[in-house]
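Just input17.cif here, mmCIF, C-alpha atoms and all ligand atoms:
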```cif
data_input
#
loop_
_atom_site.label_atom_id
_atom_site.label_comp_id
_atom_site.auth_asym_id
_atom_site.auth_seq_id
_atom_site.Cartn_x
_atom_site.Cartn_y
_atom_site.Cartn_z
CA MET T 1 0.00 0.00 0.00
CA LYS T 2 1.22 3.52 -0.86
CA PHE T 3 0.91 6.11 1.89
CA ASN T 4 0.65 9.79 1.63
CA LYS T 5 3.52 10.46 4.01
CA GLU T 6 3.19 14.23 4.01
CA LYS T 7 -0.47 13.98 4.91
CA LEU T 8 0.20 11.48 7.70
CA ILE T 9 2.95 13.66 9.19
CA LYS T 10 0.79 16.76 9.02
CA GLU T 11 -2.12 15.05 10.72
CA ALA T 12 0.13 13.50 13.35
CA GLN T 13 1.74 16.83 14.19
CA GLN T 14 -1.66 18.45 14.49
CA ILE T 15 -2.83 15.75 16.89
CA LEU T 16 0.20 16.25 19.12
CA VAL T 17 -0.29 19.99 19.16
CA ASN T 18 -4.03 19.64 19.87
CA ASN T 19 -3.39 17.23 22.74
CA ARG T 20 -1.20 19.72 24.57
CA ARG T 21 -2.66 21.23 27.72
CA GLY T 22 -0.32 23.97 28.93
CA LYS T 23 3.13 22.39 29.10
CA PHE T 24 2.17 18.73 28.94
CA SER T 25 0.12 16.45 26.70
CA ILE T 26 -2.77 14.12 27.31
CA PRO T 27 -2.92 10.71 25.56
CA CYS T 28 -6.28 11.68 24.04
CA SER T 29 -9.27 13.77 25.03
CA LYS T 30 -12.17 12.38 27.09
CA LEU T 31 -10.75 8.96 28.05
CA TYR T 32 -7.40 10.13 29.49
CA PRO T 33 -7.54 13.77 30.63
CA PHE T 34 -4.14 13.91 32.45
CA GLN T 35 -0.46 13.25 31.74
CA TRP T 36 0.53 9.59 31.54
CA ASN T 37 4.08 8.46 32.23
CA TRP T 38 5.22 6.36 29.28
CA ASP T 39 2.81 8.05 26.88
CA SER T 40 4.59 11.32 27.48
CA GLY T 41 7.95 9.72 26.68
CA PHE T 42 6.63 8.90 23.22
CA VAL T 43 5.05 12.34 22.92
CA SER T 44 8.41 13.92 23.58
CA LEU T 45 9.99 11.72 20.92
CA GLY T 46 7.41 12.89 18.38
CA PHE T 47 7.80 16.57 19.26
CA GLY T 48 11.58 16.19 19.05
CA HIS T 49 11.21 16.13 15.27
CA PHE T 50 9.39 19.43 14.94
CA ASN T 51 9.21 21.34 18.21
CA LYS T 52 12.12 20.96 20.62
CA LYS T 53 10.63 23.28 23.20
CA PHE T 54 7.51 21.12 23.49
CA ALA T 55 9.65 17.96 23.60
CA ILE T 56 11.56 19.35 26.56
CA GLU T 57 8.53 20.72 28.36
CA GLU T 58 6.78 17.37 28.06
CA LEU T 59 9.46 15.55 30.06
CA GLU T 60 9.95 18.43 32.47
CA SER T 61 6.23 18.41 33.26
CA LEU T 62 6.29 14.69 33.83
CA PHE T 63 9.28 14.84 36.16
CA SER T 64 7.68 17.68 38.10
CA GLY T 65 5.62 14.87 39.65
CA GLN T 66 8.62 12.69 40.59
CA TRP T 67 8.60 11.51 44.20
CA GLN T 68 11.52 11.89 46.60
CA ASN T 69 12.10 8.14 46.47
CA GLY T 70 12.66 8.54 42.71
CA MET T 71 9.38 7.10 41.47
CA VAL T 72 7.86 8.72 38.40
CA PRO T 73 4.14 8.11 38.87
CA HIS T 74 2.01 6.64 36.13
CA ILE T 75 -0.39 9.60 36.11
CA ILE T 76 0.30 13.26 36.87
CA PHE T 77 -2.95 15.02 37.76
CA HIS T 78 -1.96 18.51 36.68
CA SER T 79 -5.49 19.73 37.31
CA GLU T 80 -7.38 18.96 40.50
CA LYS T 81 -10.60 20.28 39.00
CA GLU T 82 -10.92 17.72 36.22
CA LYS T 83 -13.39 15.13 37.51
CA THR T 84 -14.01 12.89 34.52
CA TYR T 85 -11.44 10.22 35.39
CA PHE T 86 -11.38 7.36 37.87
CA PRO T 87 -9.29 6.75 39.96
CA ASN T 88 -8.54 10.41 40.47
CA TYR T 89 -5.85 11.83 42.82
CA ASP T 90 -8.16 11.84 45.85
CA PHE T 91 -8.85 8.11 45.48
CA TRP T 92 -5.10 7.38 45.25
CA GLY T 93 -4.54 9.32 48.51
CA THR T 94 -0.78 9.55 47.97
CA GLU T 95 -0.34 11.93 50.92
CA ILE T 96 0.21 8.69 52.84
CA ASN T 97 3.81 8.81 51.52
CA ALA T 98 5.82 11.72 52.97
CA GLY T 99 7.93 12.03 49.81
CA ALA T 100 5.04 11.98 47.34
CA SER T 101 4.58 14.94 45.05
CA MET T 102 1.72 17.12 46.29
CA LYS T 103 1.96 19.72 43.54
CA PRO T 104 1.18 18.29 41.08
CA ARG T 105 -0.81 15.45 42.63
CA THR T 106 -0.11 12.00 41.22
CA SER T 107 -1.05 8.34 41.29
CA GLY T 108 0.93 5.95 43.51
CA ILE T 109 2.34 3.47 41.00
CA THR T 110 4.71 3.71 38.04
CA GLN T 111 4.95 2.64 34.38
CA PRO T 112 7.64 1.42 31.93
CA PRO T 113 10.73 3.66 32.31
CA VAL T 114 11.04 4.87 28.73
CA HIS T 115 12.66 8.22 29.47
CA GLY T 116 16.28 7.09 29.25
CA PHE T 117 15.93 5.88 25.68
CA VAL T 118 13.69 8.80 24.77
CA LEU T 119 16.40 11.19 25.94
CA GLU T 120 18.99 9.38 23.87
CA GLU T 121 16.69 9.66 20.83
CA LEU T 122 16.21 13.39 21.43
CA VAL T 123 19.97 13.89 21.54
CA LYS T 124 20.42 11.76 18.41
CA GLN T 125 17.79 13.80 16.58
CA ASN T 126 19.51 17.03 17.59
CA PRO T 127 23.20 16.26 18.17
CA GLU T 128 24.38 19.88 17.94
CA ASN T 129 21.48 21.59 19.66
CA GLU T 130 22.69 23.42 22.78
CA GLU T 131 19.25 23.59 24.32
CA ILE T 132 18.71 19.83 24.01
CA LEU T 133 22.18 19.09 25.37
CA ALA T 134 21.64 21.37 28.37
CA PHE T 135 18.27 19.74 28.96
CA ALA T 136 19.80 16.27 28.70
CA LYS T 137 22.32 17.18 31.40
CA SER T 138 19.67 18.56 33.70
CA ILE T 139 17.22 15.68 33.44
CA PHE T 140 19.81 12.89 33.39
CA PRO T 141 20.13 12.58 37.22
CA LYS T 142 16.36 12.56 37.59
CA ILE T 143 16.04 9.66 35.18
CA VAL T 144 18.83 7.82 36.97
CA HIS T 145 16.98 8.41 40.23
CA SER T 146 13.83 6.87 38.73
CA HIS T 147 15.83 3.73 37.89
CA ARG T 148 17.31 3.81 41.38
CA PHE T 149 13.77 3.71 42.74
CA LEU T 150 13.09 0.54 40.77
CA TYR T 151 16.27 -1.19 41.91
CA GLN T 152 15.88 -0.08 45.51
CA TYR T 153 12.19 -0.68 46.09
CA ARG T 154 11.18 -3.16 43.41
CA ASP T 155 14.05 -5.64 43.19
CA ARG T 156 12.89 -7.95 45.99
CA ASP T 157 15.53 -10.63 45.50
CA LYS T 158 18.28 -8.28 44.35
CA ASP T 159 18.56 -10.30 41.16
CA GLY T 160 18.32 -7.32 38.81
CA LEU T 161 14.70 -7.81 37.73
CA VAL T 162 12.18 -5.37 39.11
CA PHE T 163 8.66 -6.30 40.08
CA ILE T 164 5.30 -4.65 39.53
CA PHE T 165 2.41 -5.05 41.94
CA HIS T 166 -0.34 -3.65 39.75
CA PRO T 167 -1.20 -4.54 36.13
CA TRP T 168 -1.36 -0.83 35.27
CA GLU T 169 2.38 -0.58 35.97
CA SER T 170 3.08 -2.92 33.06
CA GLY T 171 1.39 -0.55 30.61
CA ARG T 172 -0.63 -3.58 29.44
CA ASP T 173 -3.56 -3.24 31.81
CA ASN T 174 -5.73 -6.24 31.04
CA SER T 175 -3.31 -8.61 29.31
CA PRO T 176 -4.18 -12.29 29.91
CA LEU T 177 -0.72 -12.45 31.50
CA TRP T 178 -2.24 -11.19 34.71
CA ASP T 179 -5.32 -13.42 34.83
CA GLU T 180 -3.85 -16.06 37.10
CA SER T 181 -2.44 -13.55 39.57
CA LEU T 182 -5.67 -11.58 39.62
CA ASP T 183 -7.67 -14.76 40.17
CA ARG T 184 -5.88 -15.16 43.48
CA ILE T 185 -7.53 -12.05 44.77
CA VAL T 186 -10.71 -12.73 46.66
CA ILE T 187 -12.92 -9.67 46.67
CA ASP T 188 -15.01 -9.04 49.74
CA PRO T 189 -17.54 -6.46 48.45
CA ALA T 190 -18.12 -5.22 51.99
CA LYS T 191 -14.43 -4.31 52.29
CA LEU T 192 -13.75 -2.90 48.81
CA ARG T 193 -13.79 0.90 48.84
CA PRO T 194 -16.90 1.91 46.84
CA TYR T 195 -16.07 3.40 43.45
CA GLN T 196 -17.61 4.39 40.16
CA ARG T 197 -15.65 3.72 36.99
CA LYS T 198 -15.77 6.25 34.18
CA ASP T 199 -13.87 4.56 31.33
CA ASN T 200 -16.73 2.33 30.20
CA THR T 201 -19.15 5.21 30.00
CA ILE T 202 -16.80 7.01 27.58
CA SER T 203 -15.51 4.08 25.52
CA ASP T 204 -17.23 0.94 24.18
CA PRO T 205 -17.43 -1.47 27.20
CA SER T 206 -16.64 -4.44 24.93
CA GLU T 207 -13.20 -2.92 24.31
CA ARG T 208 -12.53 -2.21 28.01
CA PRO T 209 -11.48 -4.34 30.99
CA THR T 210 -14.30 -6.23 32.70
CA GLN T 211 -15.86 -5.31 36.06
CA ALA T 212 -14.22 -8.27 37.82
CA GLN T 213 -10.84 -7.03 36.59
CA TYR T 214 -11.59 -3.50 37.71
CA ASP T 215 -12.45 -4.63 41.25
CA ARG T 216 -9.04 -6.25 41.39
CA TYR T 217 -7.31 -3.10 40.12
CA VAL T 218 -8.95 -1.19 42.97
CA TYR T 219 -8.01 -3.89 45.47
CA LEU T 220 -4.33 -3.64 44.48
CA LEU T 221 -4.43 0.16 44.55
CA GLU T 222 -5.67 -0.10 48.13
CA LEU T 223 -2.92 -2.56 49.03
CA GLY T 224 -0.42 -0.05 47.70
CA ARG T 225 -1.99 2.80 49.62
CA VAL T 226 -1.98 1.12 53.03
CA ASN T 227 1.71 0.40 52.42
CA ALA T 228 2.46 4.06 51.53
CA TYR T 229 3.07 2.86 47.94
CA ASP T 230 6.70 1.97 48.62
CA GLY T 231 6.64 -0.03 51.85
CA PRO T 232 8.00 -3.58 52.27
CA GLY T 233 4.43 -4.77 52.87
CA ILE T 234 3.83 -4.64 49.14
CA ALA T 235 6.31 -7.37 48.30
CA ALA T 236 5.30 -9.29 51.41
CA GLU T 237 1.54 -9.21 50.88
CA SER T 238 0.60 -8.53 47.29
CA PRO T 239 -1.10 -11.47 45.53
CA PHE T 240 0.09 -9.82 42.33
CA LEU T 241 3.90 -9.68 42.21
CA VAL T 242 5.45 -10.02 38.78
CA GLN T 243 8.80 -9.48 37.11
CA ASP T 244 7.36 -8.28 33.82
CA SER T 245 9.13 -8.88 30.52
CA LEU T 246 8.27 -5.45 29.13
CA ILE T 247 9.07 -3.21 32.07
CA ASN T 248 12.41 -4.98 32.54
CA ALA T 249 13.25 -4.85 28.82
CA ILE T 250 12.53 -1.13 28.77
CA LEU T 251 14.55 -0.61 31.93
CA ILE T 252 17.49 -2.40 30.31
CA LYS T 253 17.12 -0.38 27.12
CA SER T 254 17.01 2.87 29.08
CA ASN T 255 19.97 1.84 31.24
CA GLN T 256 21.97 1.34 28.06
CA SER T 257 20.85 4.69 26.68
CA LEU T 258 21.93 6.42 29.90
CA ILE T 259 25.30 4.67 29.74
CA ASN T 260 25.74 5.84 26.13
CA LEU T 261 24.66 9.36 26.98
CA GLY T 262 26.87 9.45 30.06
CA THR T 263 29.91 8.79 27.90
CA GLN T 264 28.85 11.51 25.49
CA LEU T 265 28.02 14.06 28.18
CA ASN T 266 30.88 13.17 30.48
CA ILE T 267 28.76 11.89 33.35
CA ASP T 268 29.80 8.98 35.55
CA THR T 269 27.65 5.88 34.91
CA LYS T 270 29.23 3.26 37.17
CA GLU T 271 26.07 2.75 39.20
CA ILE T 272 24.03 2.18 36.03
CA GLU T 273 26.58 -0.22 34.58
CA GLU T 274 26.33 -2.38 37.69
CA TRP T 275 22.54 -2.52 37.48
CA GLN T 276 22.73 -3.25 33.81
CA GLN T 277 25.06 -6.21 34.07
CA GLN T 278 22.90 -7.99 36.55
CA SER T 279 19.61 -7.17 34.87
CA LEU T 280 20.78 -8.45 31.50
CA LYS T 281 22.12 -11.66 32.97
CA THR T 282 18.99 -12.46 34.99
CA TYR T 283 16.62 -11.52 32.18
CA GLN T 284 18.42 -13.98 29.91
CA GLU T 285 18.62 -16.77 32.48
CA LYS T 286 15.25 -16.46 34.13
CA LEU T 287 12.80 -15.31 31.47
CA TRP T 288 13.60 -17.31 28.31
CA ASN T 289 11.20 -20.16 27.63
CA GLU T 290 12.37 -22.61 25.02
CA ASP T 291 8.93 -24.16 24.37
CA LEU T 292 7.44 -20.77 23.62
CA ALA T 293 10.61 -19.64 21.86
CA CYS T 294 10.18 -16.31 23.59
CA PHE T 295 10.86 -14.45 26.83
CA THR T 296 8.16 -14.45 29.51
CA GLY T 297 7.30 -12.70 32.74
CA TYR T 298 7.99 -14.30 36.12
CA ASP T 299 5.39 -14.67 38.85
CA LEU T 300 7.14 -14.11 42.18
CA ARG T 301 4.18 -15.51 44.14
CA SER T 302 4.06 -18.90 42.46
CA GLU T 303 7.80 -18.77 41.63
CA LYS T 304 7.28 -19.69 38.00
CA GLN T 305 7.29 -18.21 34.53
CA ILE T 306 4.04 -16.84 33.16
CA LYS T 307 3.84 -19.00 30.07
CA HIS T 308 2.31 -16.89 27.35
CA LYS T 309 3.72 -15.60 24.12
CA GLU T 310 3.04 -11.89 23.86
CA ILE T 311 4.36 -8.49 22.99
CA GLY T 312 6.37 -7.96 26.21
CA GLY T 313 8.64 -10.91 25.45
CA ILE T 314 8.94 -9.81 21.84
CA SER T 315 9.95 -6.32 22.93
CA SER T 316 13.15 -7.83 24.39
CA LEU T 317 14.53 -7.30 20.86
CA PHE T 318 14.38 -3.58 21.43
CA ALA T 319 16.75 -3.88 24.40
CA GLU T 320 18.96 -6.28 22.42
CA ILE T 321 18.57 -8.93 25.12
CA PRO T 322 18.13 -12.07 22.93
CA ASN T 323 21.17 -13.87 21.54
CA GLN T 324 21.25 -14.38 17.77
CA GLU T 325 19.47 -17.72 17.94
CA GLN T 326 16.70 -16.40 20.16
CA ALA T 327 16.28 -13.30 18.00
CA LYS T 328 15.91 -15.52 14.94
CA LYS T 329 13.14 -17.48 16.63
CA ILE T 330 11.25 -14.32 17.50
CA ASN T 331 11.72 -12.99 13.99
CA ASP T 332 10.49 -16.28 12.48
CA TYR T 333 7.43 -16.11 14.68
CA LEU T 334 6.56 -12.59 13.52
CA MET T 335 7.04 -13.61 9.89
CA SER T 336 4.78 -16.62 10.39
CA LEU T 337 2.02 -14.32 11.63
CA HIS T 338 2.55 -12.13 8.61
CA HIS T 339 2.17 -15.15 6.31
CA ARG T 340 -1.00 -16.12 8.15
CA ASP T 341 -2.57 -12.79 7.22
CA TYR T 342 -2.17 -10.92 10.45
CA PHE T 343 -0.92 -7.40 10.66
CA ILE T 344 2.04 -7.55 13.01
CA CYS T 345 2.58 -7.34 15.95
CA PRO T 346 -0.56 -8.44 17.81
CA SER T 347 -0.17 -7.84 21.54
CA PHE T 348 -1.10 -11.40 22.50
CA ASP T 349 -0.71 -14.96 21.18
CA VAL T 350 -3.30 -15.26 18.42
CA ASP T 351 -3.46 -19.05 18.94
CA SER T 352 -4.33 -18.84 22.61
CA PRO T 353 -7.96 -19.25 23.70
CA LEU T 354 -7.37 -16.07 25.71
CA PHE T 355 -6.74 -14.02 22.57
CA ASP T 356 -9.39 -11.35 22.01
CA SER T 357 -8.78 -9.27 18.91
CA LYS T 358 -10.72 -6.24 20.19
CA ARG T 359 -10.22 -6.09 23.90
CA TYR T 360 -7.39 -3.74 24.70
CA TRP T 361 -4.22 -5.67 25.62
CA ARG T 362 -5.66 -9.11 24.94
CA GLY T 363 -4.84 -9.05 21.23
CA PRO T 364 -4.90 -5.73 19.36
CA ILE T 365 -1.88 -4.01 17.83
CA TRP T 366 -0.44 -1.08 19.77
CA PRO T 367 1.44 1.61 17.83
CA GLN T 368 4.21 2.33 20.32
CA MET T 369 4.92 -1.40 20.61
CA ASN T 370 5.35 -1.59 16.85
CA TRP T 371 7.73 1.34 17.10
CA MET T 372 9.88 -0.52 19.63
CA VAL T 373 9.79 -3.87 17.84
CA HIS T 374 10.69 -2.13 14.60
CA GLN T 375 13.82 -0.69 16.22
CA GLY T 376 14.69 -4.04 17.75
CA LEU T 377 14.38 -5.96 14.48
CA LYS T 378 16.61 -3.42 12.78
CA ALA T 379 19.25 -3.79 15.49
CA TYR T 380 19.45 -7.52 14.69
CA GLY T 381 19.53 -6.93 10.93
CA TYR T 382 16.00 -8.22 10.27
CA GLU T 383 15.29 -5.35 7.92
CA ALA T 384 12.51 -7.07 5.95
CA THR T 385 10.47 -7.83 9.07
CA ALA T 386 11.17 -4.37 10.46
CA ASP T 387 9.80 -2.89 7.24
CA ILE T 388 6.62 -4.96 7.57
CA VAL T 389 6.10 -3.88 11.18
CA LYS T 390 6.41 -0.27 10.08
CA ALA T 391 4.31 -0.60 6.91
CA ASP T 392 1.58 -2.47 8.78
CA LEU T 393 1.21 0.32 11.29
CA LEU T 394 1.19 3.02 8.62
CA GLU T 395 -1.42 1.09 6.67
CA LEU T 396 -3.63 0.64 9.72
CA VAL T 397 -3.40 4.33 10.60
CA SER T 398 -4.04 5.41 6.99
CA LYS T 399 -7.14 3.23 6.81
CA LEU T 400 -8.48 3.37 10.36
CA GLY T 401 -7.27 6.69 11.75
CA PHE T 402 -4.92 7.69 14.60
CA THR T 403 -6.70 5.57 17.19
CA GLU T 404 -5.32 4.08 20.39
CA TYR T 405 -4.94 0.47 19.13
CA PHE T 406 -5.88 -1.70 16.16
CA GLU T 407 -7.37 -4.93 14.91
CA SER T 408 -4.72 -7.41 13.73
CA GLN T 409 -6.70 -9.79 11.49
CA LYS T 410 -6.53 -8.63 7.88
CA SER T 411 -9.91 -10.21 7.11
CA VAL T 412 -11.52 -8.09 9.85
CA VAL T 413 -9.64 -4.90 8.99
CA ALA T 414 -11.08 -5.17 5.48
CA THR T 415 -14.58 -4.81 6.94
CA ILE T 416 -14.08 -1.86 9.32
CA ASP T 417 -13.22 1.80 8.89
CA LYS T 418 -12.16 2.80 12.40
CA GLY T 419 -9.51 1.61 14.85
CA TYR T 420 -10.21 0.83 18.51
CA GLY T 421 -10.21 2.87 21.74
CA GLY T 422 -9.54 6.60 21.93
CA GLU T 423 -9.21 8.76 18.83
CA ASN T 424 -6.49 11.24 17.83
CA PHE T 425 -4.12 9.42 20.09
CA SER T 426 -0.79 10.96 21.05
CA TRP T 427 1.50 7.92 20.93
CA THR T 428 -0.02 6.81 17.66
CA ALA T 429 0.87 10.21 16.22
CA SER T 430 4.40 10.14 17.66
CA SER T 431 5.11 6.60 16.49
CA VAL T 432 4.01 7.53 12.97
CA ILE T 433 6.15 10.68 12.92
CA ASP T 434 9.27 8.91 14.11
CA LEU T 435 8.79 5.88 11.86
CA ILE T 436 8.40 8.10 8.82
CA TYR T 437 11.34 10.41 9.68
CA ASN T 438 13.66 7.57 10.60
CA GLN T 439 13.75 5.84 7.25
C1 LIG T 501 -4.07 2.58 29.18
C2 LIG T 501 -2.90 1.77 28.65
C3 LIG T 501 -1.61 2.37 29.19
C4 LIG T 501 -1.54 3.84 28.82
C5 LIG T 501 -2.79 4.60 29.25
C6 LIG T 501 -2.85 6.00 28.68
O1 LIG T 501 -4.18 2.50 30.55
O2 LIG T 501 -3.00 0.43 28.99
O3 LIG T 501 -0.50 1.67 28.69
O4 LIG T 501 -0.42 4.43 29.37
O5 LIG T 501 -3.93 3.92 28.80
O6 LIG T 501 -2.75 5.98 27.30
#
```
Conversion result in structure tokens:
Amino acid sequence: MKFNKEKLIKEAQQILVNNRRGKFSIPCSKLYPFQWNWDSGFVSLGFGHFNKKFAIEELESLFSGQWQNGMVPHIIFHSEKEKTYFPNYDFWGTEINAGASMKPRTSGITQPPVHGFVLEELVKQNPENEEILAFAKSIFPKIVHSHRFLYQYRDRDKDGLVFIFHPWESGRDNSPLWDESLDRIVIDPAKLRPYQRKDNTISDPSERPTQAQYDRYVYLLELGRVNAYDGPGIAAESPFLVQDSLINAILIKSNQSLINLGTQLNIDTKEIEEWQQQSLKTYQEKLWNEDLACFTGYDLRSEKQIKHKEIGGISSLFAEIPNQEQAKKINDYLMSLHHRDYFICPSFDVDSPLFDSKRYWRGPIWPQMNWMVHQGLKAYGYEATADIVKADLLELVSKLGFTEYFESQKSVVATIDKGYGGENFSWTASSVIDLIYNQ
């Protein structure tokens, strides 16, 4: 398919500009009215190509909500008046932690630490730009501190892999990966704090997480809150305790970016190098599953791998974690899906009974994941597959709009004219801009 690249870029830039609210951006209007952690990393990457000031302000706004312990929260509630989102800042009640940001208010959990690699990309896009270099130097220690948070508070066994205690921290809210852990949670309706969700009144409920899942999200939020969001009680008590393949791959990628940048900017990176060595080693040893021919997450409660083939394990390519043989297996898998008439990369194993082509992280294609997998495939020299991953996303966006996520079955795409979830989505726009600029 031929794309009108100029038109796509123009539309994408307009979306990013329209989604700005003051000095930060929202993922899209209505559904997500605040600043989201990893979304804003991608937003900054997109702005880097055409508005450096906005790229810088995006990350500065995000880090204005960083906690003293280093955590960058998954949502920054820049406005306390906006009431259309649940759970809002008052439900999170982060004042329970003395080092939490109170201005702006925030949530109490984190998301994939993309900012290290985003910063490296910004510097690569603008190698001579004084403003970007000065910004890189000023934000560098804050990003390191956010990694320090993960290693200090989330590496229970000191093996280099960090845990999450809430599915939202993985960025893949309702992936089937979490089903087993969530099933462990017994909800006592009398004890669950009463709440009213908003997402399913704004978006099609059939594309959103179920009510049973939502009760469990609220249960885990509460467990975090009573433990001040960083207390040892979390690792001790949480029924959901996972070393996720994606968050750890992104951490490793960002560690490497910080090490590269440190050399360039003359900043000492010894601490990061030590983290990196151990993380890489444990990721390789603990998360590879030969039967699946992919990396997996690890459930720290049951002490076993979470055996599903999905986009988190595939994203290990982006951090250059797989050896050549493993990378080949992942590449072969993606090509097999392509030959079976799927757009790639679906977020979950299309052959699993748990696959759901419409429901959020249980199957659809996510633009920013394609962006990462594209980079990873290129790093291993799988140019042809990388080109397909890029072309598939551009085709989906051209046909179905800049939506949040997309159908993967070509037979279904032929019958629809709109993508899934929110419209005019920021990371969709950014991924398109960067994929087109970075030929
Ligand atoms: C959903 C996604 C998450 C994203 C957020 C805002 O919760 O699962 O990854 O950050 O929306 O776009």
Considering all atoms listed in the file, return as a PDB file with C-alpha atoms, in the frame of the given file whatever protein or nucleic-acid residues lie within 6 Å of stretch 58-66 of chain T, sequence-local ones (same chain, fewer than 3 positions apart) excluded.
```pdb
ATOM      1  CA  PHE T  24       2.170  18.730  28.940  1.00  0.00           C
ATOM      2  CA  SER T  44       8.410  13.920  23.580  1.00  0.00           C
ATOM      3  CA  PHE T  54       7.510  21.120  23.490  1.00  0.00           C
ATOM      4  CA  ALA T  55       9.650  17.960  23.600  1.00  0.00           C
ATOM      5  CA  MET T  71       9.380   7.100  41.470  1.00  0.00           C
ATOM      6  CA  VAL T  72       7.860   8.720  38.400  1.00  0.00           C
ATOM      7  CA  SER T 101       4.580  14.940  45.050  1.00  0.00           C
ATOM      8  CA  PRO T 104       1.180  18.290  41.080  1.00  0.00           C
TER       9      PRO T 104
END
```
Exercise for review: Name the residues in contact with T:Ser203 at a cut-off of 10 Å, using only C-alpha atoms, excluding same-chain residues fewer than 3 positions from it; report them as number ranges by chain.
Suggested key: T: 30-31, 198-200, 206-208, 420-422
Take the residues that were just selected and, keeping C-alpha atoms, output them as a PDB file, in the coordinates of the input.
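Saved as result-v3.pdb:
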```pdb
ATOM      1  CA  LYS T  30     -12.170  12.380  27.090  1.00  0.00           C
ATOM      2  CA  LEU T  31     -10.750   8.960  28.050  1.00  0.00           C
ATOM      3  CA  LYS T 198     -15.770   6.250  34.180  1.00  0.00           C
ATOM      4  CA  ASP T 199     -13.870   4.560  31.330  1.00  0.00           C
ATOM      5  CA  ASN T 200     -16.730   2.330  30.200  1.00  0.00           C
ATOM      6  CA  SER T 206     -16.640  -4.440  24.930  1.00  0.00           C
ATOM      7  CA  GLU T 207     -13.200  -2.920  24.310  1.00  0.00           C
ATOM      8  CA  ARG T 208     -12.530  -2.210  28.010  1.00  0.00           C
ATOM      9  CA  TYR T 420     -10.210   0.830  18.510  1.00  0.00           C
ATOM     10  CA  GLY T 421     -10.210   2.870  21.740  1.00  0.00           C
ATOM     11  CA  GLY T 422      -9.540   6.600  21.930  1.00  0.00           C
TER      12      GLY T 422
END
```
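Atom pair atom CA of T:Leu16 / atom CA of T:Ala429: separated by 6.7 Å.
Interatomic distance, atom CA of T:Ser408 against atom CA of T:Asp215: 28.7 Å.
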Practice item. Please identify every polymer residue within 10 Å of ligand LIG 501 (chain T), using only C-alpha atoms and all ligand atoms, and present the set as a VMD selection string. Key: chain T and resid 26 to 28 31 to 40 74 to 75 111 to 112 167 to 175 199 208 to 209 360 to 361 366 368 404 to 405 421 to 422 425 to 427
Check your understanding: List as a list of chain:residue names: which residues have an atom within 12 Å of (-16.2, 3.8, 47.1), counting all atoms listed in the file?
Key -> T:Phe86, T:Pro87, T:Asp90, T:Phe91, T:Trp92, T:Pro189, T:Ala190, T:Lys191, T:Leu192, T:Arg193, T:Pro194, T:Tyr195, T:Gln196, T:Arg197, T:Asp215, T:Val218, T:Tyr219, T:Glu222
